[in-house]
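Heads up, target_27.cif below (mmCIF, C-alpha atoms and all ligand atoms):
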data_entry
loop_
_atom_site.label_atom_id
_atom_site.label_comp_id
_atom_site.auth_asym_id
_atom_site.auth_seq_id
_atom_site.Cartn_x
_atom_site.Cartn_y
_atom_site.Cartn_z
CA MET B 1 -125.67 184.19 139.28
CA GLN B 2 -127.61 181.38 140.83
CA PHE B 3 -131.17 180.72 139.67
CA PRO B 4 -133.85 179.84 142.26
CA ASP B 5 -133.72 176.16 141.18
CA GLY B 6 -130.05 176.07 142.21
CA THR B 7 -128.54 176.35 138.70
CA GLN B 8 -125.23 178.17 138.99
CA ALA B 9 -125.12 180.10 135.70
CA LEU B 10 -122.17 182.47 136.23
CA GLU B 11 -119.26 182.44 138.63
CA ASP B 12 -116.57 185.05 139.30
CA VAL B 13 -117.23 186.93 136.08
CA SER B 14 -115.17 190.08 135.79
CA LEU B 15 -115.57 192.18 132.67
CA THR B 16 -114.87 195.84 131.97
CA ILE B 17 -116.17 197.50 128.83
CA ARG B 18 -115.05 201.04 128.13
CA GLN B 19 -117.09 203.70 126.40
CA ASN B 20 -117.38 203.09 122.64
CA GLU B 21 -115.83 199.65 122.85
CA PHE B 22 -117.63 196.84 121.02
CA VAL B 23 -117.22 193.59 122.93
CA SER B 24 -118.45 190.20 121.76
CA VAL B 25 -118.87 187.18 123.97
CA VAL B 26 -118.48 183.62 122.66
CA GLY B 27 -118.74 180.46 124.70
CA PRO B 28 -120.15 176.94 124.82
CA SER B 29 -123.91 176.56 124.55
CA GLY B 30 -125.59 177.09 127.92
CA CYS B 31 -122.53 178.69 129.53
CA GLY B 32 -124.43 181.78 130.64
CA LYS B 33 -123.95 184.33 127.83
CA SER B 34 -127.60 185.39 127.68
CA THR B 35 -127.72 185.45 131.47
CA LEU B 36 -124.72 187.80 131.50
CA LEU B 37 -126.44 190.09 128.99
CA LYS B 38 -129.73 190.07 130.89
CA ILE B 39 -127.95 190.97 134.12
CA ALA B 40 -125.93 193.71 132.39
CA SER B 41 -129.09 195.17 130.87
CA GLY B 42 -130.99 195.02 134.16
CA LEU B 43 -133.63 192.51 132.93
CA PHE B 44 -132.97 190.62 136.11
CA PRO B 45 -130.63 191.15 139.07
CA GLN B 46 -127.49 189.13 139.83
CA THR B 47 -127.54 187.13 143.05
CA SER B 48 -124.13 188.42 144.13
CA GLY B 49 -121.38 190.75 143.00
CA ILE B 50 -121.45 194.24 141.56
CA VAL B 51 -122.69 195.34 138.15
CA LYS B 52 -122.22 198.92 136.99
CA VAL B 53 -123.77 199.84 133.66
CA ASP B 54 -124.94 203.19 132.35
CA ARG B 55 -128.48 202.16 131.46
CA GLU B 56 -129.96 205.58 130.91
CA GLN B 57 -130.20 205.06 127.15
CA LEU B 58 -130.00 201.33 126.74
CA GLY B 59 -130.66 199.50 123.48
CA TYR B 60 -131.39 195.76 123.40
CA THR B 61 -132.04 193.33 120.58
CA PHE B 62 -133.24 189.79 121.13
CA GLN B 63 -132.53 186.58 119.18
CA ASP B 64 -135.68 187.08 117.15
CA ALA B 65 -136.92 190.42 115.93
CA THR B 66 -139.89 190.52 118.37
CA LEU B 67 -141.99 192.78 116.13
CA MET B 68 -145.70 193.20 116.71
CA PRO B 69 -147.44 191.53 113.75
CA TRP B 70 -150.40 193.92 113.81
CA ARG B 71 -148.21 197.00 113.50
CA LYS B 72 -146.56 198.14 110.31
CA VAL B 73 -142.78 198.65 110.26
CA ARG B 74 -143.12 202.32 111.20
CA GLY B 75 -145.51 201.48 114.04
CA ASN B 76 -143.03 198.94 115.36
CA VAL B 77 -140.11 201.36 115.11
CA GLU B 78 -142.18 203.98 116.94
CA LEU B 79 -143.10 201.62 119.80
CA LEU B 80 -140.34 202.43 122.30
CA MET B 81 -140.65 206.15 121.55
CA GLU B 82 -144.38 205.89 122.23
CA LEU B 83 -143.69 204.28 125.59
CA ARG B 84 -141.28 207.11 126.39
CA GLY B 85 -143.89 209.75 125.52
CA TYR B 86 -142.35 211.23 122.35
CA SER B 87 -144.79 213.41 120.38
CA LYS B 88 -146.48 211.93 117.32
CA ALA B 89 -144.60 214.18 114.89
CA GLU B 90 -141.27 213.47 116.52
CA ARG B 91 -141.92 209.71 116.49
CA LYS B 92 -142.74 209.78 112.83
CA ARG B 93 -139.70 211.86 111.92
CA ILE B 94 -137.25 209.72 113.89
CA ALA B 95 -138.85 206.43 112.76
CA LEU B 96 -138.57 207.34 109.08
CA GLU B 97 -134.98 208.45 109.63
CA GLN B 98 -134.05 205.15 111.33
CA ILE B 99 -135.94 203.05 108.78
CA LYS B 100 -133.83 204.70 106.10
CA MET B 101 -130.65 204.25 108.12
CA VAL B 102 -131.15 200.46 108.36
CA GLY B 103 -131.91 200.20 104.63
CA LEU B 104 -135.67 199.68 104.85
CA ASP B 105 -136.59 202.77 102.88
CA GLY B 106 -139.92 202.13 101.14
CA PHE B 107 -141.01 199.44 103.65
CA ALA B 108 -142.37 201.71 106.41
CA ASP B 109 -145.96 200.73 105.58
CA HIS B 110 -145.34 196.98 105.32
CA TYR B 111 -146.45 194.50 107.95
CA PRO B 112 -143.69 192.28 109.43
CA LYS B 113 -145.10 189.15 107.79
CA ARG B 114 -144.24 190.63 104.38
CA LEU B 115 -140.58 191.05 105.33
CA SER B 116 -137.69 188.59 105.16
CA GLY B 117 -135.91 187.54 108.36
CA GLY B 118 -133.07 189.97 107.65
CA MET B 119 -135.50 192.83 107.08
CA ARG B 120 -137.35 192.05 110.30
CA MET B 121 -134.05 192.19 112.17
CA ARG B 122 -133.27 195.55 110.52
CA ALA B 123 -136.65 196.87 111.73
CA SER B 124 -135.84 195.63 115.21
CA LEU B 125 -132.47 197.43 115.11
CA ALA B 126 -134.20 200.61 113.91
CA ARG B 127 -136.61 200.40 116.87
CA SER B 128 -133.70 200.33 119.33
CA LEU B 129 -131.63 202.92 117.45
CA ALA B 130 -134.56 205.36 117.56
CA LEU B 131 -133.83 205.95 121.24
CA LYS B 132 -130.20 206.80 120.43
CA PRO B 133 -128.74 204.22 122.81
CA ASN B 134 -125.34 204.91 124.24
CA VAL B 135 -125.10 201.30 125.41
CA PHE B 136 -126.41 198.65 123.04
CA MET B 137 -126.76 194.96 123.89
CA PHE B 138 -127.31 192.25 121.32
CA ASP B 139 -128.39 188.70 122.17
CA GLU B 140 -127.29 186.76 119.09
CA PRO B 141 -129.43 188.82 116.73
CA PHE B 142 -128.24 187.31 113.44
CA GLY B 143 -128.05 183.63 114.42
CA ALA B 144 -131.11 182.60 112.41
CA LEU B 145 -130.05 184.31 109.17
CA ASP B 146 -128.26 182.86 106.16
CA GLU B 147 -124.54 183.56 105.83
CA ILE B 148 -124.76 186.28 103.16
CA THR B 149 -127.54 188.22 104.90
CA ARG B 150 -125.64 187.90 108.15
CA GLU B 151 -122.45 189.30 106.62
CA ARG B 152 -124.39 192.16 105.08
CA LEU B 153 -126.01 192.98 108.42
CA ASN B 154 -122.60 192.78 110.09
CA ASP B 155 -121.33 195.39 107.61
CA GLU B 156 -124.36 197.55 108.34
CA LEU B 157 -123.94 197.16 112.07
CA VAL B 158 -120.32 198.31 111.82
CA SER B 159 -121.41 201.42 109.94
CA LEU B 160 -124.23 202.05 112.45
CA PHE B 161 -121.62 201.69 115.20
CA MET B 162 -119.42 204.25 113.42
CA ARG B 163 -122.26 206.73 112.94
CA ASN B 164 -123.96 206.36 116.31
CA SER B 165 -120.98 205.75 118.56
CA PHE B 166 -122.46 203.48 121.22
CA THR B 167 -120.86 200.95 123.53
CA GLY B 168 -121.70 197.44 122.36
CA LEU B 169 -122.05 194.07 124.08
CA PHE B 170 -122.77 191.34 121.55
CA ILE B 171 -123.46 187.63 122.09
CA THR B 172 -122.76 185.25 119.23
CA HIS B 173 -121.83 181.67 118.36
CA SER B 174 -119.92 182.83 115.29
CA ILE B 175 -116.24 183.58 115.80
CA PRO B 176 -115.83 185.39 112.43
CA GLU B 177 -118.83 187.57 113.29
CA ALA B 178 -117.36 188.35 116.71
CA VAL B 179 -113.95 189.25 115.25
CA TYR B 180 -115.39 191.28 112.39
CA LEU B 181 -117.61 193.42 114.63
CA SER B 182 -115.60 193.83 117.78
CA SER B 183 -112.76 195.70 119.37
CA LYS B 184 -112.54 192.88 121.94
CA VAL B 185 -113.71 189.25 121.98
CA VAL B 186 -114.26 187.45 125.26
CA VAL B 187 -114.30 183.65 125.56
CA MET B 188 -116.39 182.12 128.35
CA SER B 189 -115.94 178.73 130.01
CA ARG B 190 -118.61 176.07 130.31
CA ARG B 191 -121.29 176.63 132.93
CA PRO B 192 -120.91 178.12 135.47
CA GLY B 193 -119.61 180.69 133.02
CA ARG B 194 -116.35 182.48 133.74
CA ILE B 195 -114.30 184.70 131.45
CA LEU B 196 -111.50 182.45 130.21
CA LYS B 197 -109.72 184.79 127.85
CA GLU B 198 -109.97 188.24 126.27
CA PHE B 199 -108.70 188.95 122.77
CA ASP B 200 -108.02 192.51 121.61
CA ILE B 201 -108.97 192.87 117.95
CA PRO B 202 -106.38 195.08 116.28
CA PHE B 203 -108.20 195.95 113.02
CA ALA B 204 -109.15 199.59 112.46
CA TYR B 205 -112.75 200.77 111.99
CA PRO B 206 -114.52 201.03 109.64
CA ARG B 207 -113.92 197.39 108.82
CA ASP B 208 -113.24 196.53 105.21
CA PRO B 209 -115.45 193.59 104.08
CA ASN B 210 -112.32 192.06 102.49
CA LEU B 211 -110.83 191.82 105.97
CA ARG B 212 -112.73 188.51 106.24
CA PHE B 213 -110.44 187.01 103.60
CA SER B 214 -107.15 188.19 105.08
CA ALA B 215 -104.56 185.93 106.68
CA GLU B 216 -104.51 188.04 109.88
CA PHE B 217 -108.27 187.68 110.27
CA ALA B 218 -108.09 183.91 109.75
CA ALA B 219 -105.21 183.57 112.22
CA LEU B 220 -107.10 185.47 114.92
CA CYS B 221 -110.30 183.46 114.33
CA ASN B 222 -108.22 180.31 114.62
CA GLU B 223 -106.68 181.41 117.90
CA ILE B 224 -110.11 182.18 119.37
CA SER B 225 -111.44 178.89 118.05
CA VAL B 226 -108.66 176.98 119.85
CA SER B 227 -109.53 178.81 123.06
CA LEU B 228 -113.25 178.05 122.61
CA ARG B 229 -112.50 174.38 121.99
CA GLN B 230 -110.47 174.31 125.21
CA ALA B 231 -113.43 175.91 126.98
CA ILE B 232 -115.77 173.20 125.71
CA GLU B 233 -113.40 170.35 126.56
CA GLN B 234 -112.46 171.62 130.02
N1 LIG B 301 -134.63 181.12 134.65
C1 LIG B 301 -133.76 180.11 134.73
N2 LIG B 301 -133.84 179.21 135.72
C2 LIG B 301 -132.96 178.20 135.82
N3 LIG B 301 -131.93 178.01 134.98
C3 LIG B 301 -131.80 178.89 133.97
C4 LIG B 301 -132.69 179.98 133.78
N4 LIG B 301 -132.31 180.67 132.68
C5 LIG B 301 -131.22 180.04 132.22
N5 LIG B 301 -130.92 178.96 132.98
C6 LIG B 301 -129.78 178.05 132.82
O1 LIG B 301 -128.59 178.82 132.97
C7 LIG B 301 -127.61 178.37 132.07
C8 LIG B 301 -127.14 179.52 131.22
O2 LIG B 301 -128.19 179.87 130.30
P1 LIG B 301 -127.98 180.97 129.17
O3 LIG B 301 -129.24 181.06 128.39
O4 LIG B 301 -127.47 182.21 129.80
O5 LIG B 301 -126.82 180.31 128.30
P2 LIG B 301 -126.23 180.74 126.89
O6 LIG B 301 -124.75 180.66 127.01
O7 LIG B 301 -126.81 182.03 126.45
O8 LIG B 301 -126.77 179.55 125.97
P3 LIG B 301 -126.90 179.44 124.37
O9 LIG B 301 -125.55 179.64 123.82
O10 LIG B 301 -127.36 178.01 124.18
O11 LIG B 301 -127.91 180.46 123.94
C9 LIG B 301 -128.22 177.22 131.28
O12 LIG B 301 -127.84 176.01 131.90
C10 LIG B 301 -129.71 177.45 131.43
O13 LIG B 301 -130.42 176.23 131.35
#
Before anything else, please render the file you have as structure tokens.
Amino acid sequence: MQFPDGTQALEDVSLTIRQNEFVSVVGPSGCGKSTLLKIASGLFPQTSGIVKVDREQLGYTFQDATLMPWRKVRGNVELLMELRGYSKAERKRIALEQIKMVGLDGFADHYPKRLSGGMRMRASLARSLALKPNVFMFDEPFGALDEITRERLNDELVSLFMRNSFTGLFITHSIPEAVYLSSKVVVMSRRPGRILKEFDIPFAYPRDPNLRFSAEFAALCNEISVSLRQAIEQ
């Protein structure tokens, strides 16, 4: 991927994600992770190479929750369904179902400004989940949250992944988050981003929250951290 100003963002990236895999990408700041996600989701086209993604039912969450402040939670969750022409009754039914699923029961009639950052992100997840995505892309959705809220949302995302069975592509700066969520973690090089290394994550789903305190988890995080440090220093 080369931007019009000549910035070479990605080079020789080769990545295969199978159905129902959950793949996280970590890499130095500015290495091209968001660019990779935007190309994969079709937000903009690559300048060379081939990208094949089943985008028929694509979910996407951004770094911030991107809710409309003048719409209540339910109105926000209904937004994408509205754009797709779902009937009013169907929108309402699905929105209330998803609001419950992400743990926002009782907040359907609240405006975003009355929600915490974690709750806003849950509403944003509910909005994407309403379309039943079979491919779901996440651009560092929990980066701005405190550690405890982030871990809780990671637990919830794993259970959403179990219940909804989508294919996930997740960008993060947090190695523990990547390992906890994923079946595979990919380390990218500095810009122009290349895939330096892929790590298969051997832990079974659903993930036990205590996994985070196990020696195996720590050892794997450490291995990925060494690889990331090499990527930064290269
Ligand atoms: N529209 C654009 N035009 C020119 N350069 C761009 C454009 N968008 C991104 N870039 C550059 O491409 C590179 C990759 O950006 P990208 O946002 O994909 O990195 P990232 O790995 O997601 O960064 P971070 O971890 O800091 O979020 C950066 O050097 C960025 O400045």
Inset, instruction - Collect all residues with atoms no farther than 7 Å from ligand LIG 301 (chain B), counting only C-alpha atoms and all ligand atoms, and output them as a list in words. - result: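 So the residues close to ligand LIG 301 (chain B) are Phe3, Pro4, Asp5, Thr7, Gln8, Ala9, Gly27, Pro28, Ser29, Gly30, Cys31, Gly32, Lys33, Ser34, Thr35, Leu36, His173 and Arg191 of chain B.
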Inset, instruction - With all atoms listed in the file counted, which protein, DNA or RNA residues have an atom no more than 12 Å from (-121.1, 199.0, 139.6) in the file frame? Please answer as number ranges by chain. - result: B: 14-17, 39-40, 42, 46, 48-55
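Between B:Arg163 and the candidates B:Leu37, B:Leu129, B:Glu177, B:Tyr111, the tightest atom-to-atom separation, counting all atoms listed in the file, involves B:Leu129.
Atom CA of B:Phe22 sits 12.8 Å away from atom CA of B:Thr172.
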Legend entry - Non-local contacts of B:Thr61 (7 Å; only C-alpha atoms; under 5 positions in same chain excluded) as a VMD selection string: chain B and resid 124 to 125 137 to 139 141
Inset, instruction - Take atom CA of B:Ala144 and atom CA of B:Gly168 and report the distance between them in Å, one decimal. - result: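 If I compute the distance from atom CA of B:Ala144 to atom CA of B:Gly168, I get 20.2 Å.
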